[in-house]
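Student: Just one file: target.pdb, with PDB, C-alpha atoms.
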```pdb
ATOM      1  CA  MET X1231      21.352 -27.527 -86.183
ATOM      2  CA  LYS X1232      19.554 -29.357 -83.376
ATOM      3  CA  SER X1233      19.101 -28.616 -79.709
ATOM      4  CA  ARG X1234      18.259 -30.933 -76.850
ATOM      5  CA  THR X1235      17.494 -29.459 -73.466
ATOM      6  CA  GLY X1236      17.686 -31.321 -70.189
ATOM      7  CA  ALA X1237      17.462 -30.167 -66.628
ATOM      8  CA  ALA X1238      18.747 -31.246 -63.252
ATOM      9  CA  LEU X1239      16.539 -29.609 -60.634
ATOM     10  CA  PHE X1240      17.507 -28.152 -57.296
ATOM     11  CA  LEU X1241      14.412 -27.516 -55.192
ATOM     12  CA  ALA X1242      14.366 -25.086 -52.273
ATOM     13  CA  THR X1243      10.994 -24.348 -50.644
ATOM     14  CA  LEU X1244      11.363 -21.573 -48.069
ATOM     15  CA  ALA X1245       9.177 -21.036 -45.019
ATOM     16  CA  ALA X1246       7.423 -17.679 -44.805
ATOM     17  CA  GLY X1247       9.436 -16.473 -41.828
ATOM     18  CA  LEU X1248      11.407 -13.373 -40.962
ATOM     19  CA  PRO X1249      15.200 -13.162 -41.217
ATOM     20  CA  ALA X1250      17.279 -11.582 -38.483
ATOM     21  CA  GLY X1251      16.870  -8.124 -40.032
ATOM     22  CA  GLY X1252      13.105  -8.251 -39.645
ATOM     23  CA  ALA X1253      12.202  -8.152 -43.378
ATOM     24  CA  ALA X1254      10.538 -11.047 -45.132
ATOM     25  CA  ALA X1255      12.983 -13.053 -47.216
ATOM     26  CA  ASN X1256      12.197 -12.924 -50.930
ATOM     27  CA  PRO X1257      13.661 -15.958 -52.695
ATOM     28  CA  CYS X1258      12.585 -14.543 -56.063
ATOM     29  CA  ALA X1259      14.244 -11.156 -55.657
ATOM     30  CA  GLY X1260      16.914 -11.792 -58.279
ATOM     31  CA  ALA X1261      19.054 -14.340 -60.042
ATOM     32  CA  PRO X1262      22.848 -14.597 -60.015
ATOM     33  CA  VAL X1263      24.762 -14.974 -63.266
ATOM     34  CA  PRO X1264      24.990 -18.725 -63.894
ATOM     35  CA  SER X1265      28.087 -20.728 -64.605
ATOM     36  CA  VAL X1266      28.222 -21.194 -68.379
ATOM     37  CA  THR X1267      30.434 -23.827 -70.009
ATOM     38  CA  VAL X1268      30.569 -24.067 -73.803
ATOM     39  CA  ASN X1269      32.331 -27.052 -75.332
ATOM     40  CA  SER X1270      33.233 -26.940 -79.023
ATOM     41  CA  PRO X1271      33.600 -30.450 -80.482
ATOM     42  CA  ARG X1272      35.971 -30.211 -83.429
ATOM     43  CA  PRO X1273      36.984 -33.594 -84.866
ATOM     44  CA  ALA X1274      39.786 -33.572 -87.399
ATOM     45  CA  ALA X1275      38.878 -33.181 -91.053
ATOM     46  CA  VAL X1276      38.646 -36.153 -93.403
ATOM     47  CA  TYR X1277      40.002 -35.841 -96.946
ATOM     48  CA  ASP X1278      37.916 -37.523 -99.638
ATOM     49  CA  ARG X1279      39.027 -38.228-103.221
ATOM     50  CA  SER X1280      36.069 -40.464-104.109
ATOM     51  CA  LYS X1281      34.090 -37.924-106.179
ATOM     52  CA  GLY X1282      34.720 -36.417-109.583
ATOM     53  CA  VAL X1283      34.082 -32.895-110.815
ATOM     54  CA  ASP X1284      30.544 -33.750-111.982
ATOM     55  CA  ASP X1285      29.638 -35.090-108.536
ATOM     56  CA  LEU X1286      31.089 -32.054-106.767
ATOM     57  CA  THR X1287      29.443 -29.611-109.161
ATOM     58  CA  ALA X1288      26.105 -31.297-108.453
ATOM     59  CA  MET X1289      26.765 -31.133-104.686
ATOM     60  CA  MET X1290      27.194 -27.371-104.979
ATOM     61  CA  GLY X1291      23.950 -26.933-106.896
ATOM     62  CA  GLY X1292      25.339 -26.976-110.420
ATOM     63  CA  SER X1293      26.280 -24.030-112.591
ATOM     64  CA  HIS X1294      23.719 -21.668-111.012
ATOM     65  CA  VAL X1295      26.015 -21.594-107.968
ATOM     66  CA  SER X1296      29.493 -21.758-109.474
ATOM     67  CA  GLY X1297      28.587 -19.940-112.670
ATOM     68  CA  THR X1298      28.090 -21.119-116.231
ATOM     69  CA  GLY X1299      31.260 -22.604-117.646
ATOM     70  CA  PHE X1300      32.799 -23.398-114.240
ATOM     71  CA  ILE X1301      33.254 -26.804-112.645
ATOM     72  CA  THR X1302      33.733 -27.564-108.961
ATOM     73  CA  LEU X1303      37.109 -28.979-107.997
ATOM     74  CA  GLY X1304      36.639 -29.035-104.217
ATOM     75  CA  VAL X1305      33.932 -28.936-101.559
ATOM     76  CA  THR X1306      34.110 -28.573 -97.779
ATOM     77  CA  ALA X1307      31.140 -30.189 -95.999
ATOM     78  CA  VAL X1308      30.532 -29.307 -92.348
ATOM     79  CA  ASP X1309      27.561 -30.238 -90.138
ATOM     80  CA  TYR X1310      26.817 -28.701 -86.740
ATOM     81  CA  ALA X1311      25.003 -29.928 -83.630
ATOM     82  CA  THR X1312      24.001 -28.212 -80.389
ATOM     83  CA  SER X1313      22.948 -29.762 -77.077
ATOM     84  CA  ILE X1314      22.127 -27.974 -73.816
ATOM     85  CA  ARG X1315      22.128 -29.147 -70.202
ATOM     86  CA  THR X1316      20.670 -26.733 -67.632
ATOM     87  CA  ASN X1317      20.713 -26.969 -63.833
ATOM     88  CA  VAL X1318      17.702 -25.042 -62.547
ATOM     89  CA  GLN X1319      17.297 -23.515 -59.094
ATOM     90  CA  ILE X1320      13.647 -23.601 -58.007
ATOM     91  CA  ARG X1321      12.338 -21.620 -55.050
ATOM     92  CA  ARG X1322       9.059 -20.864 -53.357
ATOM     93  CA  GLN X1323       8.181 -18.814 -50.318
ATOM     94  CA  GLY X1324       5.368 -20.415 -48.356
ATOM     95  CA  SER X1325       2.275 -20.778 -50.542
ATOM     96  CA  GLY X1326       3.320 -17.985 -52.926
ATOM     97  CA  PRO X1327       4.347 -18.312 -56.575
ATOM     98  CA  TRP X1328       7.185 -20.503 -57.696
ATOM     99  CA  CYS X1329      10.287 -19.038 -59.287
ATOM    100  CA  ALA X1330      13.329 -20.468 -61.030
ATOM    101  CA  TYR X1331      16.576 -19.497 -62.710
ATOM    102  CA  PRO X1332      19.569 -21.354 -64.168
ATOM    103  CA  ILE X1333      22.544 -21.884 -61.892
ATOM    104  CA  SER X1334      24.664 -23.612 -64.516
ATOM    105  CA  VAL X1335      24.401 -24.138 -68.261
ATOM    106  CA  THR X1336      26.554 -26.546 -70.270
ATOM    107  CA  VAL X1337      26.418 -26.289 -74.052
ATOM    108  CA  ASP X1338      28.011 -28.556 -76.619
ATOM    109  CA  HIS X1339      28.118 -26.634 -79.896
ATOM    110  CA  GLY X1340      30.386 -27.822 -82.642
ATOM    111  CA  PHE X1341      30.866 -30.206 -85.534
ATOM    112  CA  SER X1342      28.480 -33.167 -85.322
ATOM    113  CA  SER X1343      30.939 -35.268 -87.314
ATOM    114  CA  ALA X1344      34.339 -34.862 -88.919
ATOM    115  CA  PRO X1345      34.373 -32.132 -91.604
ATOM    116  CA  ARG X1346      34.867 -33.671 -95.025
ATOM    117  CA  ILE X1347      37.049 -31.997 -97.625
ATOM    118  CA  TYR X1348      36.394 -33.304-101.118
ATOM    119  CA  ILE X1349      39.079 -32.861-103.771
ATOM    120  CA  ALA X1350      38.073 -33.955-107.271
ATOM    121  CA  ARG X1351      39.626 -37.294-108.148
ATOM    122  CA  GLU X1352      40.669 -35.930-111.557
ATOM    123  CA  LEU X1353      43.232 -33.639-109.883
ATOM    124  CA  ARG X1354      46.719 -35.092-109.515
ATOM    125  CA  GLU X1355      48.594 -34.464-106.289
ATOM    126  CA  GLY X1356      51.540 -32.156-106.807
ATOM    127  CA  THR X1357      49.886 -30.113-109.541
ATOM    128  CA  CYS X1358      49.094 -26.425-109.247
ATOM    129  CA  LYS X1359      45.336 -27.017-109.402
ATOM    130  CA  TYR X1360      45.478 -29.659-106.693
ATOM    131  CA  GLY X1361      47.482 -27.411-104.372
ATOM    132  CA  ALA X1362      45.362 -24.335-105.053
ATOM    133  CA  THR X1363      42.128 -26.300-104.541
ATOM    134  CA  MET X1364      43.353 -27.780-101.257
ATOM    135  CA  GLU X1365      44.418 -24.343-100.022
ATOM    136  CA  HIS X1366      41.014 -22.912-100.934
ATOM    137  CA  GLU X1367      39.108 -25.659 -99.093
ATOM    138  CA  LEU X1368      41.341 -25.367 -96.029
ATOM    139  CA  ARG X1369      40.469 -21.663 -95.892
ATOM    140  CA  HIS X1370      36.798 -22.633 -95.829
ATOM    141  CA  LEU X1371      37.505 -25.060 -92.988
ATOM    142  CA  HIS X1372      39.377 -22.363 -91.069
ATOM    143  CA  ILE X1373      36.348 -20.065 -91.323
ATOM    144  CA  HIS X1374      34.166 -22.773 -89.790
ATOM    145  CA  GLU X1375      36.674 -23.452 -87.007
ATOM    146  CA  ALA X1376      37.063 -19.767 -86.189
ATOM    147  CA  GLY X1377      33.273 -19.526 -86.070
ATOM    148  CA  LEU X1378      33.174 -22.108 -83.272
ATOM    149  CA  TRP X1379      35.240 -19.851 -81.025
ATOM    150  CA  ARG X1380      33.065 -16.850 -81.864
ATOM    151  CA  ALA X1381      29.961 -18.893 -81.125
ATOM    152  CA  ARG X1382      31.403 -19.902 -77.773
ATOM    153  CA  ALA X1383      31.804 -16.285 -76.673
ATOM    154  CA  ALA X1384      28.442 -15.284 -78.154
ATOM    155  CA  ILE X1385      26.594 -18.043 -76.283
ATOM    156  CA  GLU X1386      28.205 -17.069 -72.986
ATOM    157  CA  ARG X1387      27.206 -13.426 -73.499
ATOM    158  CA  GLU X1388      23.657 -14.262 -74.560
ATOM    159  CA  VAL X1389      22.964 -16.516 -71.564
ATOM    160  CA  ALA X1390      24.327 -13.905 -69.150
ATOM    161  CA  ALA X1391      22.173 -11.224 -70.804
ATOM    162  CA  LEU X1392      19.127 -13.505 -70.606
ATOM    163  CA  VAL X1393      19.496 -13.830 -66.849
ATOM    164  CA  ARG X1394      19.807 -10.071 -66.422
ATOM    165  CA  ARG X1395      16.709  -9.413 -68.552
ATOM    166  CA  ARG X1396      14.274 -12.182 -67.667
ATOM    167  CA  MET X1397      15.296 -14.164 -64.591
ATOM    168  CA  PRO X1398      13.957 -15.392 -62.319
ATOM    169  CA  ILE X1399      10.896 -16.759 -64.084
ATOM    170  CA  THR X1400       7.789 -17.032 -61.901
ATOM    171  CA  GLY X1401       4.764 -19.300 -62.253
ATOM    172  CA  SER X1402       2.127 -21.363 -60.525
ATOM    173  CA  SER X1403       4.085 -24.643 -60.386
ATOM    174  CA  SER X1404       7.605 -25.977 -60.309
ATOM    175  CA  GLU X1405       7.023 -27.660 -63.673
ATOM    176  CA  GLU X1406       5.918 -24.379 -65.274
ATOM    177  CA  VAL X1407       8.942 -22.394 -64.122
ATOM    178  CA  THR X1408      11.315 -25.208 -65.055
ATOM    179  CA  ARG X1409       9.905 -25.302 -68.586
ATOM    180  CA  GLY X1410      10.182 -21.530 -68.740
ATOM    181  CA  VAL X1411      13.864 -21.532 -67.783
ATOM    182  CA  ASN X1412      14.757 -24.374 -70.149
ATOM    183  CA  GLY X1413      12.881 -22.756 -73.029
ATOM    184  CA  ALA X1414      14.455 -19.350 -72.459
ATOM    185  CA  VAL X1415      17.979 -20.790 -72.235
ATOM    186  CA  SER X1416      17.441 -22.852 -75.389
ATOM    187  CA  GLU X1417      16.228 -19.780 -77.300
ATOM    188  CA  ALA X1418      19.217 -17.728 -76.136
ATOM    189  CA  VAL X1419      21.740 -20.392 -77.129
ATOM    190  CA  GLU X1420      20.160 -21.011 -80.530
ATOM    191  CA  SER X1421      19.911 -17.287 -81.242
ATOM    192  CA  ALA X1422      23.627 -16.787 -80.556
ATOM    193  CA  ALA X1423      24.635 -19.861 -82.571
ATOM    194  CA  LYS X1424      22.486 -18.895 -85.567
ATOM    195  CA  ALA X1425      23.866 -15.344 -85.604
ATOM    196  CA  VAL X1426      27.441 -16.631 -85.792
ATOM    197  CA  ALA X1427      26.448 -19.262 -88.382
ATOM    198  CA  ALA X1428      25.108 -16.474 -90.596
ATOM    199  CA  GLU X1429      28.436 -14.628 -90.295
ATOM    200  CA  VAL X1430      30.329 -17.813 -91.195
ATOM    201  CA  GLN X1431      28.110 -18.313 -94.239
ATOM    202  CA  ARG X1432      28.734 -14.767 -95.447
ATOM    203  CA  GLU X1433      32.497 -15.216 -95.090
ATOM    204  CA  ASN X1434      32.420 -18.483 -97.024
ATOM    205  CA  ASP X1435      30.208 -16.964 -99.723
ATOM    206  CA  ALA X1436      32.683 -14.099-100.106
ATOM    207  CA  MET X1437      35.328 -16.656-101.119
ATOM    208  CA  ASP X1438      33.158 -18.249-103.789
ATOM    209  CA  THR X1439      32.404 -15.368-106.117
ATOM    210  CA  HIS X1440      32.574 -15.221-109.913
ATOM    211  CA  GLU X1441      35.634 -12.981-109.612
ATOM    212  CA  ALA X1442      37.365 -15.457-107.308
ATOM    213  CA  TYR X1443      36.694 -18.319-109.723
ATOM    214  CA  MET X1444      38.040 -16.273-112.632
ATOM    215  CA  ALA X1445      41.231 -15.514-110.712
ATOM    216  CA  PHE X1446      41.572 -19.179-109.771
ATOM    217  CA  SER X1447      41.161 -20.248-113.402
ATOM    218  CA  LYS X1448      44.032 -17.986-114.453
ATOM    219  CA  MET X1449      46.294 -19.135-111.605
ATOM    220  CA  CYS X1450      47.092 -22.651-112.806
ATOM    221  CA  GLN X1451      47.700 -24.275-116.160
ATOM    222  CA  ASN X1452      48.002 -27.812-114.783
TER     223      ASN X1452
END
```
Using structure tokens, write down the structure that the file contains.

Tutor:
Amino acid sequence: MKSRTGAALFLATLAAGLPAGGAAANPCAGAPVPSVTVNSPRPAAVYDRSKGVDDLTAMMGGSHVSGTGFITLGVTAVDYATSIRTNVQIRRQGSGPWCAYPISVTVDHGFSSAPRIYIARELREGTCKYGATMEHELRHLHIHEAGLWRARAAIEREVAALVRRRMPITGSSSEEVTRGVNGAVSEAVESAAKAVAAEVQRENDAMDTHEAYMAFSKMCQN
């Protein structure tokens, strides 16, 4: 999982004057909730029959993963990528400290390439084992896809919470506060994405237990 952070800067340096009400304007008094857009790239899965059971068993780490005496008939391979684009509002009142906060955040978090579903080439289409293996791998894929939607909501919540807790960021230069905003947003996005990824992993692991493999072995005779 990778993250790239960019920033488009909006600079507003305010004169140290008095507004109509007579009180000095404080450009760093608070930060509004930014606009957050989360895109979830989800290319269609590719089905691959190029590998045999030995190849797939090795891909899954051998018998210490699937269990002694079991072979792997299918594997679902999914890779993720995350990129972040942040528009930062920078302000300063007179010669005082600089401050900044995000006004919009765009996140692309999804599959970095098409998910690949491997079905062992030894399995013949139309057989019970082929159908059961395909159904099992499609359930894995569904878990990953559902995780993208959960990650989308989690990222939106985490960025909004970040602004409430820590924004605006103040510092001695525009560069310092810009780095601070970009770093904080990146941490928030990655934290949310990793939390959902851990949930997705637990759900996938729950499908691949010794008991599940035993039940699968008894399901089909061909």

Student: Step by step, work through what the PyMOL selection byres ((chain X and resi 1378-1395) around 7) selects in the shown file, and finish by giving those residues as a ChimeraX atom specification.

Tutor: /X:1261,1263,1266,1268,1270,1340,1374-1377,1396-1397,1415,1418-1419,1422-1423,1426

Student: Env of range 1353-1369 of chain X: 9 Å cut, atoms = all atoms listed in the file, seq-sep filter 5 positions within chain, self excluded. Answer as JSON, numbers by chain.

Tutor: {"X": [1282, 1303, 1304, 1305, 1306, 1347, 1348, 1374, 1434, 1437, 1446, 1447, 1449, 1450, 1451, 1452]}

Student: Quote the spacing between CA of Val1430 in chain X and CA of Gly1413 in chain X in Å to one decimal place.

Tutor: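 Taking CA of Val1430 in chain X and CA of Gly1413 in chain X, their separation equals 25.7 Å.
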
Student: May I have the centre and edge lengths, in Å to one decimal, of an axis-aligned box around the listed atoms of range 1363-1374 of chain X with 8 Å added to every side, as lines of an AutoDock Vina configuration file?

Tutor:
```
center_x = 39.3
center_y = -23.9
center_z = -97.2
size_x = 26.3
size_y = 23.7
size_z = 30.8
```

Student: What does the distance between CA of Asp1438 in chain X and CA of Ile1301 in chain X come to in Å, to one decimal place?

Tutor: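 Going from CA of Asp1438 in chain X over to CA of Ile1301 in chain X, I get 12.3 Å.
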
Student: If you measure from CA of Ala1428 in chain X to CA of Ala1414 in chain X, what distance in Å do you get, rounded to one decimal?

Tutor: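 Value for the CA of Ala1428 in chain X-CA of Ala1414 in chain X distance: 21.2 Å.
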
Student: Choose the residue, out of X:Ser1325, X:Ser1280, X:Ser1402, X:Thr1336, that has the smallest atom-to-atom separation from Glu1352 in chain X; count all atoms listed in the file.

Tutor: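 For Glu1352 in chain X, the nearest of the candidates is X:Ser1280.
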
Student: Using only C-alpha atoms, which protein or nucleic acid residues come within 7 Å of Gly1401 in chain X? Drop anything in the same chain fewer than 3 positions from it, and give the result as a list in words.

Tutor: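 Non-adjacent residues within range: Pro1327, Trp1328, Cys1329, Glu1406 and Val1407 of chain X.
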
Student: Please expand the PyMOL selection byres ((chain X and resi 1277) around 8) into the concrete residues it hits in this file, giving the result as an MDAnalysis selection string.

Tutor: chainID X and resid 1275:1276 1278:1279 1346:1349

Student: With C-alpha atoms retained, could you export that selection as a compact mmCIF listing (two decimals), keeping the file's coordinate frame?

Tutor:
```txt
# COMPACT_ATOMS: atom_id res chain seq x y z
CA ALA X 1275 38.88 -33.18 -91.05
CA VAL X 1276 38.65 -36.15 -93.40
CA ASP X 1278 37.92 -37.52 -99.64
CA ARG X 1279 39.03 -38.23 -103.22
CA ARG X 1346 34.87 -33.67 -95.02
CA ILE X 1347 37.05 -32.00 -97.62
CA TYR X 1348 36.39 -33.30 -101.12
CA ILE X 1349 39.08 -32.86 -103.77
```

Student: In terms of the shortest atom-to-atom distance over all atoms listed in the file, which of X:Ala1445, X:Ile1314, X:Ala1350, X:Ala1425 is closest to Lys1281 in chain X?

Tutor: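 Counting all atoms listed in the file, the residue closest to Lys1281 in chain X is X:Ala1350.
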
Student: Compare X:Pro1345, X:Pro1332, X:Gly1326, X:Gly1410 by their minimum atom-to-atom distance to Pro1262 in chain X, counting all atoms listed in the file, and give me the closest one.

Tutor: X:Pro1332
